[in-house]
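**Q** What follows is final-v7.cif; its format and atoms are mmCIF, C-alpha atoms and all ligand atoms.
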```
data_start
#
loop_
_atom_site.label_atom_id
_atom_site.label_comp_id
_atom_site.auth_asym_id
_atom_site.auth_seq_id
_atom_site.Cartn_x
_atom_site.Cartn_y
_atom_site.Cartn_z
CA MET C 1 -37.85 2.26 -40.44
CA GLN C 2 -36.07 -1.05 -40.59
CA TYR C 3 -33.17 0.77 -42.25
CA VAL C 4 -32.87 3.24 -39.30
CA GLY C 5 -33.00 0.31 -36.86
CA TYR C 6 -30.13 -1.36 -38.67
CA TRP C 7 -27.92 1.76 -38.53
CA SER C 8 -28.62 2.52 -34.89
CA TYR C 9 -27.85 -1.13 -34.07
CA LEU C 10 -24.56 -0.83 -35.94
CA LEU C 11 -23.72 2.47 -34.23
CA ILE C 12 -24.41 1.10 -30.73
CA SER C 13 -22.29 -1.99 -31.48
CA LEU C 14 -19.47 0.23 -32.70
CA VAL C 15 -19.59 2.42 -29.57
CA LEU C 16 -19.62 -0.68 -27.35
CA ALA C 17 -16.66 -2.15 -29.24
CA VAL C 18 -14.69 1.11 -28.83
CA ILE C 19 -15.47 1.21 -25.09
CA LEU C 20 -14.47 -2.44 -24.72
CA LEU C 21 -11.23 -1.87 -26.62
CA PHE C 22 -10.49 1.28 -24.62
CA ASN C 23 -11.06 -0.48 -21.31
CA THR C 24 -8.95 -3.44 -22.36
CA PHE C 25 -5.95 -1.21 -22.82
CA HIS C 26 -6.70 1.45 -20.17
CA PRO C 27 -8.81 -0.42 -17.71
CA PRO C 28 -10.30 1.33 -14.72
CA ILE C 29 -7.92 4.34 -14.71
CA ALA C 30 -9.70 5.77 -17.74
CA MET C 31 -13.13 5.24 -16.20
CA LYS C 32 -12.08 6.71 -12.84
CA SER C 33 -10.47 9.70 -14.55
CA ALA C 34 -13.60 10.46 -16.55
CA LEU C 35 -15.68 10.67 -13.38
CA ILE C 36 -13.13 12.75 -11.44
CA ARG C 37 -12.68 15.10 -14.40
CA SER C 38 -16.39 15.61 -15.00
CA THR C 39 -16.99 16.24 -11.28
CA PHE C 40 -14.20 18.84 -11.41
CA GLU C 41 -15.83 20.54 -14.40
CA ASN C 42 -19.24 20.58 -12.69
CA LYS C 43 -17.90 21.91 -9.38
CA PHE C 44 -15.39 24.45 -10.63
CA LYS C 45 -16.80 25.41 -14.06
CA GLN C 46 -13.48 24.93 -15.83
CA SER C 47 -11.27 22.05 -16.99
CA PRO C 48 -8.58 20.67 -14.69
CA GLU C 49 -4.97 21.41 -15.67
CA ILE C 50 -3.75 17.93 -14.76
CA LEU C 51 -4.99 14.47 -13.87
CA VAL C 52 -2.87 12.24 -11.65
CA ASN C 53 -3.24 8.53 -10.85
CA ALA C 54 -1.89 7.45 -7.43
CA PRO C 55 -1.93 3.71 -6.55
CA GLY C 56 -2.28 1.85 -3.28
CA ARG C 57 0.27 -0.81 -2.37
CA ILE C 58 0.79 -4.36 -1.18
CA ASN C 59 3.80 -5.80 0.63
CA LEU C 60 4.84 -9.24 -0.62
CA ILE C 61 7.15 -10.03 2.27
CA GLY C 62 9.10 -8.20 5.00
CA GLU C 63 6.77 -7.35 7.88
CA HIS C 64 7.83 -5.36 10.98
CA THR C 65 11.27 -5.08 9.41
CA ASP C 66 11.11 -1.39 8.45
CA TYR C 67 11.70 0.02 11.94
CA ASN C 68 14.50 -2.52 12.43
CA ASP C 69 16.46 -1.06 9.47
CA GLY C 70 15.62 -4.15 7.41
CA PHE C 71 14.15 -4.86 3.98
CA VAL C 72 10.58 -4.76 2.69
CA LEU C 73 9.23 -5.92 -0.69
CA PRO C 74 6.22 -3.79 -1.65
CA ALA C 75 4.59 -3.06 -5.00
CA ALA C 76 2.14 -0.43 -6.20
CA ILE C 77 -1.16 -1.98 -7.34
CA ASP C 78 -3.86 -1.45 -9.94
CA LYS C 79 -6.19 0.12 -7.41
CA SER C 80 -5.73 3.85 -7.24
CA ILE C 81 -6.99 7.31 -6.52
CA VAL C 82 -7.28 9.82 -9.34
CA PHE C 83 -6.86 13.57 -8.81
CA ALA C 84 -8.04 16.37 -11.07
CA VAL C 85 -6.27 19.60 -10.13
CA GLY C 86 -6.18 23.20 -11.33
CA LYS C 87 -4.77 26.50 -10.05
CA ARG C 88 -6.88 29.24 -8.47
CA THR C 89 -6.04 32.92 -8.25
CA ASP C 90 -7.59 33.76 -4.88
CA ASN C 91 -5.23 31.87 -2.54
CA LEU C 92 -7.93 29.41 -1.56
CA LEU C 93 -7.63 25.61 -1.49
CA LYS C 94 -10.86 23.85 -2.49
CA PHE C 95 -11.13 20.08 -2.21
CA HIS C 96 -13.94 17.73 -3.17
CA SER C 97 -13.93 14.06 -2.27
CA VAL C 98 -15.97 12.25 -4.90
CA ASP C 99 -16.18 9.01 -2.88
CA LEU C 100 -17.38 10.68 0.30
CA ASP C 101 -19.31 13.40 -1.56
CA GLU C 102 -17.87 16.05 0.75
CA SER C 103 -16.23 19.39 0.08
CA PHE C 104 -13.77 21.42 2.08
CA GLU C 105 -11.99 24.73 1.68
CA ILE C 106 -9.22 26.54 3.53
CA PRO C 107 -7.15 29.70 2.88
CA LEU C 108 -3.56 29.15 1.81
CA GLU C 109 -2.26 31.49 4.57
CA ASP C 110 -4.01 29.57 7.33
CA LEU C 111 -3.20 25.89 6.83
CA LYS C 112 -3.95 23.98 10.01
CA LYS C 113 -5.38 20.63 11.04
CA SER C 114 -9.11 20.33 10.43
CA ASP C 115 -11.70 18.00 11.92
CA LYS C 116 -12.29 16.40 8.48
CA SER C 117 -9.77 13.61 8.55
CA TRP C 118 -9.58 13.10 4.76
CA ALA C 119 -8.82 16.80 4.23
CA ASN C 120 -5.90 16.61 6.66
CA TYR C 121 -3.81 14.55 4.24
CA LEU C 122 -4.26 17.27 1.61
CA ILE C 123 -3.70 20.20 3.98
CA GLY C 124 -0.72 18.32 5.44
CA VAL C 125 1.02 17.79 2.09
CA THR C 126 0.53 21.44 1.10
CA LYS C 127 1.79 22.67 4.48
CA GLU C 128 4.83 20.36 4.47
CA LEU C 129 5.76 21.60 0.97
CA ILE C 130 5.51 25.22 2.07
CA ASP C 131 7.41 24.56 5.32
CA ASN C 132 10.18 22.99 3.22
CA ASN C 133 10.47 26.22 1.17
CA HIS C 134 8.58 25.03 -1.90
CA GLU C 135 6.46 27.85 -3.15
CA ILE C 136 2.75 27.32 -3.76
CA PRO C 137 2.16 30.84 -5.13
CA THR C 138 -1.61 30.68 -5.65
CA GLY C 139 -4.40 28.50 -4.38
CA PHE C 140 -5.63 25.38 -6.15
CA GLU C 141 -8.76 23.26 -6.43
CA LEU C 142 -9.18 19.55 -6.82
CA THR C 143 -11.52 16.61 -6.99
CA PHE C 144 -10.33 13.10 -6.16
CA GLY C 145 -11.55 9.55 -5.66
CA GLY C 146 -10.89 5.96 -6.64
CA ASP C 147 -11.18 2.30 -5.81
CA ILE C 148 -8.67 1.61 -3.02
CA PRO C 149 -10.70 0.30 -0.08
CA LEU C 150 -10.26 2.69 2.85
CA GLY C 151 -8.55 1.41 5.96
CA ALA C 152 -7.98 -2.11 4.57
CA GLY C 153 -4.20 -1.87 4.76
CA LEU C 154 -3.69 -1.04 1.06
CA SER C 155 -2.48 2.45 1.94
CA SER C 156 -5.25 4.55 0.50
CA SER C 157 -3.91 7.32 2.76
CA ALA C 158 -0.46 7.19 1.14
CA ALA C 159 -2.10 7.31 -2.30
CA VAL C 160 -3.98 10.46 -1.28
CA ALA C 161 -0.87 12.17 0.08
CA CYS C 162 1.48 11.06 -2.74
CA GLY C 163 -1.07 11.87 -5.43
CA LEU C 164 -1.44 15.45 -4.26
CA GLY C 165 2.32 15.92 -3.71
CA PHE C 166 2.98 14.71 -7.25
CA ALA C 167 0.22 16.94 -8.67
CA LEU C 168 1.48 20.08 -6.92
CA ASN C 169 5.04 19.30 -8.01
CA GLU C 170 3.82 19.25 -11.63
CA LEU C 171 1.42 22.16 -11.36
CA PHE C 172 3.86 24.58 -9.68
CA ASP C 173 7.05 23.11 -11.16
CA LEU C 174 8.63 22.48 -7.73
CA LYS C 175 11.39 20.25 -9.15
CA LEU C 176 11.11 17.60 -6.43
CA ASP C 177 12.08 14.02 -7.17
CA ARG C 178 10.03 10.99 -6.14
CA LYS C 179 12.03 10.38 -3.00
CA ASP C 180 11.48 14.00 -1.86
CA LEU C 181 7.76 13.51 -2.48
CA ALA C 182 7.71 10.29 -0.44
CA LEU C 183 9.33 12.09 2.50
CA ILE C 184 6.88 15.02 2.24
CA ALA C 185 3.90 12.63 2.17
CA GLN C 186 5.29 10.71 5.15
CA LYS C 187 5.67 13.94 7.15
CA ALA C 188 2.10 14.89 6.27
CA GLU C 189 0.87 11.55 7.70
CA HIS C 190 2.96 12.06 10.84
CA ASN C 191 2.01 15.66 11.49
CA PHE C 192 -1.53 15.96 10.12
CA ALA C 193 -3.01 12.47 10.36
CA GLY C 194 -1.15 11.60 13.58
CA VAL C 195 0.06 8.27 12.18
CA ASN C 196 3.70 7.52 12.91
CA CYS C 197 4.20 5.41 9.76
CA GLY C 198 7.38 4.31 7.99
CA ILE C 199 8.32 5.33 4.44
CA MET C 200 7.33 2.07 2.69
CA ASP C 201 3.76 2.99 1.75
CA MET C 202 4.68 6.28 0.12
CA TYR C 203 7.75 4.82 -1.49
CA ALA C 204 5.77 2.00 -3.09
CA SER C 205 3.03 4.32 -4.32
CA LEU C 206 5.62 6.58 -5.97
CA PHE C 207 8.20 4.07 -7.20
CA GLY C 208 5.94 1.25 -8.42
CA VAL C 209 6.63 -0.31 -11.83
CA GLU C 210 4.29 -2.67 -13.68
CA ASN C 211 5.09 -6.35 -13.00
CA GLU C 212 7.94 -5.49 -10.62
CA VAL C 213 8.30 -5.55 -6.85
CA ILE C 214 10.50 -3.08 -4.99
CA LEU C 215 13.21 -4.31 -2.65
CA LEU C 216 13.49 -1.32 -0.33
CA ASP C 217 16.35 -1.10 2.09
CA CYS C 218 14.88 0.79 5.03
CA ARG C 219 18.32 1.58 6.43
CA ASP C 220 19.47 3.88 3.64
CA ILE C 221 16.20 4.27 1.69
CA ARG C 222 17.54 2.78 -1.53
CA HIS C 223 15.78 0.30 -3.75
CA ARG C 224 16.04 -2.14 -6.61
CA TYR C 225 13.43 -3.97 -8.60
CA PHE C 226 12.70 -7.68 -9.03
CA ALA C 227 10.43 -9.00 -11.78
CA PHE C 228 7.09 -10.31 -10.53
CA ASP C 229 5.47 -11.44 -13.74
CA PHE C 230 3.81 -14.84 -13.42
CA PRO C 231 0.99 -15.11 -15.99
CA ASP C 232 -0.44 -18.29 -14.40
CA TYR C 233 -0.74 -16.83 -10.89
CA ALA C 234 -2.71 -14.00 -9.34
CA ILE C 235 -2.29 -12.00 -6.16
CA VAL C 236 -5.52 -12.16 -4.17
CA LEU C 237 -6.18 -10.11 -1.05
CA CYS C 238 -8.74 -11.25 1.51
CA ASN C 239 -9.96 -8.45 3.75
CA THR C 240 -10.97 -9.73 7.18
CA GLY C 241 -12.87 -6.50 7.78
CA VAL C 242 -11.65 -6.53 11.39
CA LYS C 243 -9.23 -4.17 13.11
CA HIS C 244 -8.67 -5.19 16.73
CA ASN C 245 -7.78 -2.18 18.82
CA LEU C 246 -4.62 -3.81 20.14
CA ALA C 247 -2.90 -2.74 16.93
CA ASP C 248 -1.47 0.62 18.05
CA SER C 249 -0.42 -0.28 21.58
CA GLU C 250 1.12 -3.61 20.56
CA TYR C 251 3.00 -1.90 17.70
CA ASN C 252 4.70 0.41 20.18
CA THR C 253 5.38 -2.53 22.52
CA ARG C 254 7.01 -4.52 19.68
CA ARG C 255 9.28 -1.60 18.85
CA LYS C 256 10.39 -1.44 22.50
CA GLU C 257 10.91 -5.22 22.66
CA CYS C 258 13.14 -5.08 19.60
CA GLU C 259 15.14 -2.20 21.12
CA ALA C 260 15.56 -4.21 24.32
CA GLY C 261 16.84 -7.14 22.26
CA VAL C 262 19.30 -4.90 20.40
CA TYR C 263 20.59 -3.55 23.72
CA LEU C 264 21.30 -7.07 25.01
CA LEU C 265 22.92 -8.18 21.74
CA GLN C 266 25.11 -5.06 21.84
CA GLN C 267 26.65 -6.44 25.04
CA ILE C 268 27.98 -9.30 22.90
CA ASN C 269 28.93 -7.21 19.86
CA PRO C 270 28.95 -3.39 20.28
CA GLU C 271 28.91 -2.97 16.49
CA ILE C 272 25.22 -3.99 16.45
CA LYS C 273 23.10 -0.88 15.92
CA SER C 274 19.82 -2.53 14.97
CA LEU C 275 18.44 -6.02 14.26
CA ARG C 276 19.55 -5.51 10.66
CA ASP C 277 23.12 -6.01 11.91
CA VAL C 278 22.30 -9.45 13.39
CA SER C 279 22.55 -12.49 11.14
CA VAL C 280 20.41 -15.60 11.63
CA SER C 281 23.50 -17.64 12.49
CA PHE C 282 24.83 -15.09 15.03
CA PHE C 283 21.39 -14.98 16.63
CA ALA C 284 21.13 -18.76 16.84
CA LYS C 285 24.45 -18.82 18.69
CA HIS C 286 23.58 -16.12 21.24
CA ARG C 287 19.81 -16.24 21.59
CA THR C 288 19.87 -17.85 25.06
CA LYS C 289 21.29 -14.59 26.43
CA LEU C 290 17.90 -12.97 25.81
CA PRO C 291 14.79 -13.43 27.98
CA LEU C 292 12.21 -15.65 26.21
CA LEU C 293 9.92 -12.82 25.09
CA GLU C 294 12.66 -10.64 23.56
CA MET C 295 14.25 -13.77 22.08
CA LYS C 296 11.03 -14.62 20.22
CA ARG C 297 10.50 -11.07 18.95
CA CYS C 298 14.09 -10.76 17.73
CA ARG C 299 14.10 -14.26 16.25
CA PHE C 300 11.19 -13.31 14.04
CA VAL C 301 12.71 -10.02 12.87
CA VAL C 302 16.22 -11.36 12.25
CA THR C 303 14.80 -14.25 10.22
CA GLU C 304 12.30 -12.05 8.39
CA ILE C 305 15.00 -9.63 7.24
CA GLU C 306 17.00 -12.51 5.74
CA ARG C 307 13.82 -14.08 4.37
CA VAL C 308 13.20 -11.01 2.20
CA VAL C 309 16.63 -11.56 0.64
CA TRP C 310 15.91 -15.28 0.12
CA GLY C 311 12.54 -14.31 -1.37
CA CYS C 312 14.23 -12.03 -3.92
CA GLU C 313 16.66 -14.82 -4.74
CA ALA C 314 13.67 -17.13 -5.40
CA LEU C 315 12.03 -14.49 -7.61
CA SER C 316 15.17 -13.99 -9.65
CA GLN C 317 15.14 -17.76 -10.29
CA GLY C 318 11.47 -17.59 -11.23
CA ASP C 319 10.67 -19.90 -8.31
CA LEU C 320 7.29 -18.65 -7.14
CA ARG C 321 6.62 -21.86 -5.20
CA MET C 322 9.67 -21.26 -3.02
CA PHE C 323 8.67 -17.60 -2.63
CA GLY C 324 5.22 -18.71 -1.50
CA SER C 325 6.68 -21.05 1.11
CA TYR C 326 8.53 -18.05 2.60
CA MET C 327 5.22 -16.21 2.83
CA TYR C 328 3.80 -19.03 4.98
CA GLN C 329 6.92 -18.94 7.17
CA THR C 330 6.44 -15.19 7.60
CA HIS C 331 2.84 -15.68 8.63
CA TRP C 332 3.49 -18.31 11.27
CA GLY C 333 6.44 -16.28 12.57
CA LEU C 334 4.21 -13.22 12.93
CA SER C 335 1.58 -15.37 14.60
CA GLY C 336 3.81 -17.44 16.91
CA ASP C 337 6.99 -15.49 17.72
CA TYR C 338 5.84 -11.95 17.07
CA GLU C 339 2.23 -12.42 18.25
CA VAL C 340 0.62 -9.78 16.05
CA SER C 341 -1.85 -12.00 14.18
CA CYS C 342 -5.43 -12.75 15.24
CA LYS C 343 -7.85 -15.65 14.91
CA GLU C 344 -9.42 -14.29 11.71
CA LEU C 345 -6.05 -13.95 9.91
CA ASP C 346 -4.80 -17.32 11.18
CA PHE C 347 -8.01 -18.98 10.00
CA LEU C 348 -7.75 -17.55 6.48
CA VAL C 349 -4.11 -18.56 6.10
CA LYS C 350 -4.66 -22.04 7.54
CA ASN C 351 -7.63 -22.50 5.23
CA THR C 352 -5.31 -22.28 2.19
CA GLU C 353 -2.70 -24.75 3.37
CA GLN C 354 -4.25 -27.86 1.85
CA SER C 355 -4.66 -26.34 -1.60
CA GLU C 356 -1.80 -27.01 -4.01
CA ALA C 357 -3.10 -24.14 -6.17
CA VAL C 358 -2.22 -21.64 -3.42
CA LEU C 359 1.55 -21.12 -3.30
CA GLY C 360 1.69 -18.65 -0.44
CA SER C 361 -0.51 -16.89 2.09
CA ARG C 362 0.16 -14.57 4.99
CA MET C 363 -1.22 -11.65 6.93
CA MET C 364 -0.14 -8.33 5.45
CA GLY C 365 0.55 -5.16 7.44
CA GLY C 366 0.99 -4.44 11.13
CA GLY C 367 -1.44 -7.15 12.24
CA PHE C 368 -4.57 -7.65 14.39
CA GLY C 369 -6.73 -7.39 11.26
CA GLY C 370 -6.55 -6.12 7.70
CA CYS C 371 -5.90 -8.40 4.73
CA THR C 372 -4.18 -11.65 3.94
CA ILE C 373 -2.17 -11.72 0.73
CA ASN C 374 -2.31 -14.93 -1.30
CA ILE C 375 -0.59 -16.25 -4.42
CA VAL C 376 -3.26 -18.27 -6.21
CA ARG C 377 -3.23 -20.16 -9.52
CA LYS C 378 -5.30 -18.10 -11.95
CA ASP C 379 -7.64 -20.86 -13.09
CA VAL C 380 -8.94 -21.39 -9.55
CA VAL C 381 -9.12 -17.77 -8.35
CA ASN C 382 -12.93 -17.69 -8.45
CA ASP C 383 -13.22 -20.98 -6.55
CA PHE C 384 -10.63 -19.76 -4.05
CA ILE C 385 -12.59 -16.57 -3.38
CA LYS C 386 -15.86 -18.49 -3.10
CA LYS C 387 -14.41 -20.95 -0.61
CA GLN C 388 -12.62 -18.38 1.54
CA THR C 389 -15.76 -16.22 1.65
CA ALA C 390 -18.09 -19.09 2.56
CA ASP C 391 -15.76 -20.61 5.18
CA TYR C 392 -15.06 -17.22 6.77
CA LYS C 393 -18.79 -16.49 6.94
CA GLU C 394 -19.45 -19.86 8.54
CA GLN C 395 -16.62 -19.52 11.06
CA PHE C 396 -17.04 -15.87 12.14
CA ASP C 397 -20.34 -14.77 10.61
CA LEU C 398 -18.37 -12.00 8.89
CA LYS C 399 -18.28 -10.83 5.28
CA LEU C 400 -14.98 -11.30 3.45
CA ASP C 401 -14.07 -8.88 0.65
CA CYS C 402 -11.51 -10.15 -1.84
CA TYR C 403 -9.52 -8.19 -4.42
CA VAL C 404 -7.32 -9.45 -7.23
CA VAL C 405 -4.42 -7.04 -7.76
CA LYS C 406 -1.21 -6.84 -9.77
CA PRO C 407 2.06 -4.93 -9.45
CA SER C 408 1.55 -1.66 -11.32
CA ASP C 409 3.09 1.70 -12.12
CA GLY C 410 3.58 4.27 -9.38
CA VAL C 411 2.04 7.75 -9.30
CA LYS C 412 1.83 9.23 -12.78
CA LEU C 413 0.03 11.75 -14.95
CA VAL C 414 -3.04 10.32 -16.66
P1 LIG C 501 -5.28 2.78 4.67
O1 LIG C 501 -4.18 3.75 4.35
O2 LIG C 501 -4.76 1.46 5.13
O3 LIG C 501 -6.28 2.64 3.59
P2 LIG C 501 -5.80 4.71 6.70
O4 LIG C 501 -6.69 4.71 7.88
O5 LIG C 501 -4.36 4.97 6.89
O6 LIG C 501 -6.05 3.35 5.93
O7 LIG C 501 -6.31 5.81 5.66
C1 LIG C 501 -7.65 5.92 5.32
C2 LIG C 501 -8.04 7.38 5.31
O8 LIG C 501 -7.48 8.03 4.15
C3 LIG C 501 -9.52 7.59 5.19
O9 LIG C 501 -10.16 7.55 6.45
C4 LIG C 501 -9.61 8.96 4.55
O10 LIG C 501 -9.40 9.97 5.52
C5 LIG C 501 -8.41 8.95 3.61
N1 LIG C 501 -8.82 8.45 2.28
C6 LIG C 501 -8.33 7.36 1.65
N2 LIG C 501 -8.92 7.16 0.46
C7 LIG C 501 -9.81 8.14 0.32
C8 LIG C 501 -10.76 8.48 -0.69
N3 LIG C 501 -10.90 7.76 -1.80
N4 LIG C 501 -11.52 9.59 -0.49
C9 LIG C 501 -11.42 10.31 0.63
N5 LIG C 501 -10.55 10.05 1.62
C10 LIG C 501 -9.75 8.98 1.48
MG MG C 502 -2.72 4.47 5.74
#
```
Represent the supplied structure as structure tokens.
Ligand code: ADP
Ligand code: MG
**A**
Amino acid sequence: MQYVGYWSYLLISLVLAVILLFNTFHPPIAMKSALIRSTFENKFKQSPEILVNAPGRINLIGEHTDYNDGFVLPAAIDKSIVFAVGKRTDNLLKFHSVDLDESFEIPLEDLKKSDKSWANYLIGVTKELIDNNHEIPTGFELTFGGDIPLGAGLSSSAAVACGLGFALNELFDLKLDRKDLALIAQKAEHNFAGVNCGIMDMYASLFGVENEVILLDCRDIRHRYFAFDFPDYAIVLCNTGVKHNLADSEYNTRRKECEAGVYLLQQINPEIKSLRDVSVSFFAKHRTKLPLLEMKRCRFVVTEIERVVWGCEALSQGDLRMFGSYMYQTHWGLSGDYEVSCKELDFLVKNTEQSEAVLGSRMMGGGFGGCTINIVRKDVVNDFIKKQTADYKEQFDLKLDCYVVKPSDGVKLV
């Protein structure tokens, strides 16, 4: 009896060691994939043909610059959605969301917007592919789910759209490149989710590379990578959990204010087509020709576009402290000149300013809620999260969710 106990003890230890080793080298992707695959097998009584991992994204610096033809500096992250996909022969599309525990089906010949918002990203991608003459000859079925928090500004929606686009490209051999897939996913968000987003989210999800950030030029949609590999520092996101409903209307207003600024600056130099064409020094010389409001909006954007370039310069010199100081400048520019922050975001950023272990902090995304992104020394990450959570609770009586993320590979087969 004792002998059996010894062997079973040894066996359990061995299994635990293998699991530990496996998760060390293939952390959550392997665990997510196992669940998505087994749900597929239970639902559809066969094995999936492919598994795809599609990450969310962060943006290190470069906010409200995309629609001004400027630069952004996103990265894919190690939070992702996994898809298990297989072909069908009956021209049906069958989807199952593991996280929401909901299913949906629709005939291939009748792809239209549904009232299930999550399904619209999937219908949208399929429809955009077909409308762009890429043949989906049979139906398909899929299960999907992951660990990107929904609606927190980490682009879970782009991960859903890019993940399916990538999967269908593989499954039906459509021969699209990653840029084509980003454009298809963007169109799906525009036409099926009704969100008039830029290309950054999809681009980052598809083009991510481990320990690199992507300098994306939004004028000609070209990119290059900069190393972001700082073993002593972590990227920590603090999710305010708020989304003030000013976000959409103020976004449209900011776009108009920038256009008004461009129009006035064109009177000085007709070559100016967007704020990308305005340097910080040119702006400083001519800013008094703009009304105060437009001046402030344009001052932020013109500076922010150049700041992304300075940020990349700092990264190429390995100067994370300098990079972090630019993040603070971005935040207070977004808060003061651009007026898209809110009291919750300002509080969280301000609350880091006294800590020498935090190199940078700023609101991330369009504003009026969502996350702050922070560069925090690794040995104090737990204390940082504890303090932010407690202080936020005390100030607003709200729960703060924090996530530690790192620049990771873009969409890929598992
Ligand atoms: P964000 O992209 O910032 O996370 P969005 O509001 O743009 O926020 O997208 C969130 C939507 O994307 C969800 O409401 C849902 O429709 C869809 N979605 C994202 N992740 C998942 C998931 N894991 N399962 C089902 N639907 C998802
Ligand atoms: Mg989104």
**Q** Considering all atoms listed in the file, give me a table of residues in chain C that are at most 10 Å from ligand LIG 501 (chain C), with the closest atom pair and distance in Å for each, as a Markdown table.
**A**
```
| residue | atom | partner | partner_atom | distance |
| --- | --- | --- | --- | --- |
| C:Gly56 | CA | C:LIG501 | O3 | 8.0 |
| C:Arg57 | CA | C:LIG501 | O1 | 9.3 |
| C:Ser80 | CA | C:LIG501 | N3 | 8.5 |
| C:Ile81 | CA | C:LIG501 | N3 | 6.1 |
| C:Val82 | CA | C:LIG501 | N3 | 8.6 |
| C:Phe83 | CA | C:LIG501 | N3 | 10.0 |
| C:His96 | CA | C:LIG501 | C9 | 8.7 |
| C:Ser97 | CA | C:LIG501 | C9 | 5.4 |
| C:Val98 | CA | C:LIG501 | N4 | 6.8 |
| C:Asp99 | CA | C:LIG501 | N4 | 5.3 |
| C:Leu100 | CA | C:LIG501 | C9 | 6.0 |
| C:Asp101 | CA | C:LIG501 | N4 | 8.7 |
| C:Glu102 | CA | C:LIG501 | C9 | 8.6 |
| C:Lys116 | CA | C:LIG501 | O10 | 7.6 |
| C:Ser117 | CA | C:LIG501 | O10 | 4.8 |
| C:Trp118 | CA | C:LIG501 | O10 | 3.2 |
| C:Ala119 | CA | C:LIG501 | O10 | 7.0 |
| C:Asn120 | CA | C:LIG501 | O10 | 7.6 |
| C:Tyr121 | CA | C:LIG501 | C5 | 7.3 |
| C:Leu122 | CA | C:LIG501 | C5 | 9.5 |
| C:Thr143 | CA | C:LIG501 | N4 | 9.6 |
| C:Phe144 | CA | C:LIG501 | N4 | 6.8 |
| C:Gly145 | CA | C:LIG501 | N3 | 4.3 |
| C:Gly146 | CA | C:LIG501 | N3 | 5.2 |
| C:Asp147 | CA | C:LIG501 | N3 | 6.8 |
| C:Ile148 | CA | C:LIG501 | N2 | 6.6 |
| C:Pro149 | CA | C:LIG501 | O3 | 6.2 |
| C:Leu150 | CA | C:LIG501 | O3 | 4.0 |
| C:Gly151 | CA | C:LIG501 | O6 | 3.2 |
| C:Ala152 | CA | C:LIG501 | O2 | 4.8 |
| C:Gly153 | CA | C:LIG501 | O2 | 3.4 |
| C:Leu154 | CA | C:LIG501 | O2 | 4.9 |
| C:Ser155 | CA | C:LIG501 | O1 | 3.2 |
| C:Ser156 | CA | C:LIG501 | O3 | 3.8 |
| C:Ser157 | CA | C:LIG501 | O8 | 3.9 |
| C:Ala158 | CA | C:LIG501 | O1 | 6.0 |
| C:Ala159 | CA | C:LIG501 | N2 | 7.4 |
| C:Val160 | CA | C:LIG501 | C6 | 6.1 |
| C:Ala161 | CA | C:LIG501 | O8 | 8.8 |
| C:Glu189 | CA | C:LIG501 | O5 | 8.4 |
| C:Ala193 | CA | C:LIG501 | O5 | 8.4 |
| C:Gly194 | CA | C:LIG501 | O5 | 10.0 |
| C:Val195 | CA | C:LIG501 | O5 | 7.6 |
| C:Cys197 | CA | C:LIG501 | O5 | 9.0 |
| C:Asp201 | CA | C:LIG501 | O1 | 8.4 |
| C:Gly365 | CA | C:LIG501 | O2 | 8.8 |
| C:Gly370 | CA | C:LIG501 | O2 | 8.2 |
| C:Cys371 | CA | C:LIG501 | O2 | 9.9 |
```
**Q** To one decimal in Å, tell me the separation between atom CA of C:Leu265 and atom CA of C:Asp69.
**A** 15.6 Å
**Q** Is there a way to get, as a list of chain:residue names, all residues within 6 Å of the point (1.0, 19.1, 8.5) in file coordinates, counting all atoms listed in the file?
**A**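 Every residue inside that radius is included here: C:Gly124, C:Lys127, C:Glu128, C:Ala188, C:Asn191, C:Phe192.
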**Q** Quick one: of C:Lys243, C:Arg254, C:Lys406, C:Arg178, who's nearest to C:Leu293, counting all atoms listed in the file?
**A**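 Among the listed residues, C:Arg254 lies closest to C:Leu293.
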**Q** Can you tell me which residues surround C:Leu413 at a distance of at most 9 Å, considering only C-alpha atoms, apart from same-chain residues fewer than 2 positions away, and format the answer as a list in words?
**A**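 Answer for this query is Ile50, Leu51, Val52, Asn53, Ala54, Phe166, Ala167 and Val411 of chain C.
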**Q** Hey, what's within 12 Å of C:Asn245 if we count only C-alpha atoms and toss same-chain stuff fewer than 2 positions away? As a tab-separated table (two decimals) with C-alpha atoms, in the coordinates of the input, please?
**A**
```
chain	number	residue	atom	x	y	z
C	242	VAL	CA	-11.65	-6.53	11.39
C	243	LYS	CA	-9.23	-4.17	13.11
C	247	ALA	CA	-2.90	-2.74	16.93
C	248	ASP	CA	-1.47	0.62	18.05
C	249	SER	CA	-0.42	-0.28	21.58
C	250	GLU	CA	1.12	-3.61	20.56
C	251	TYR	CA	3.00	-1.90	17.70
C	340	VAL	CA	0.62	-9.78	16.05
C	342	CYS	CA	-5.43	-12.75	15.24
C	366	GLY	CA	0.99	-4.44	11.13
C	367	GLY	CA	-1.44	-7.15	12.24
C	368	PHE	CA	-4.57	-7.65	14.39
C	369	GLY	CA	-6.73	-7.39	11.26
C	370	GLY	CA	-6.55	-6.12	7.70
```
**Q** Contacts between stretch 233-241 of chain C and stretch 362-381 of chain C, please, where a residue of stretch 362-381 of chain C counts if it comes within 9 Å (with only C-alpha atoms); show its shortest atom pair and distance in Å to one decimal, rows by chain and ascending number, as CSV.
**A**
```
residue,atom,partner,partner_atom,distance
C:Gly369,CA,C:Thr240,CA,6.3
C:Gly370,CA,C:Asn239,CA,5.7
C:Cys371,CA,C:Asn239,CA,4.2
C:Thr372,CA,C:Cys238,CA,5.2
C:Ile373,CA,C:Leu237,CA,4.7
C:Asn374,CA,C:Val236,CA,5.1
C:Ile375,CA,C:Ile235,CA,4.9
C:Val376,CA,C:Ala234,CA,5.3
C:Arg377,CA,C:Tyr233,CA,4.4
C:Lys378,CA,C:Tyr233,CA,4.9
C:Asp379,CA,C:Tyr233,CA,8.3
C:Val381,CA,C:Ala234,CA,7.5
```
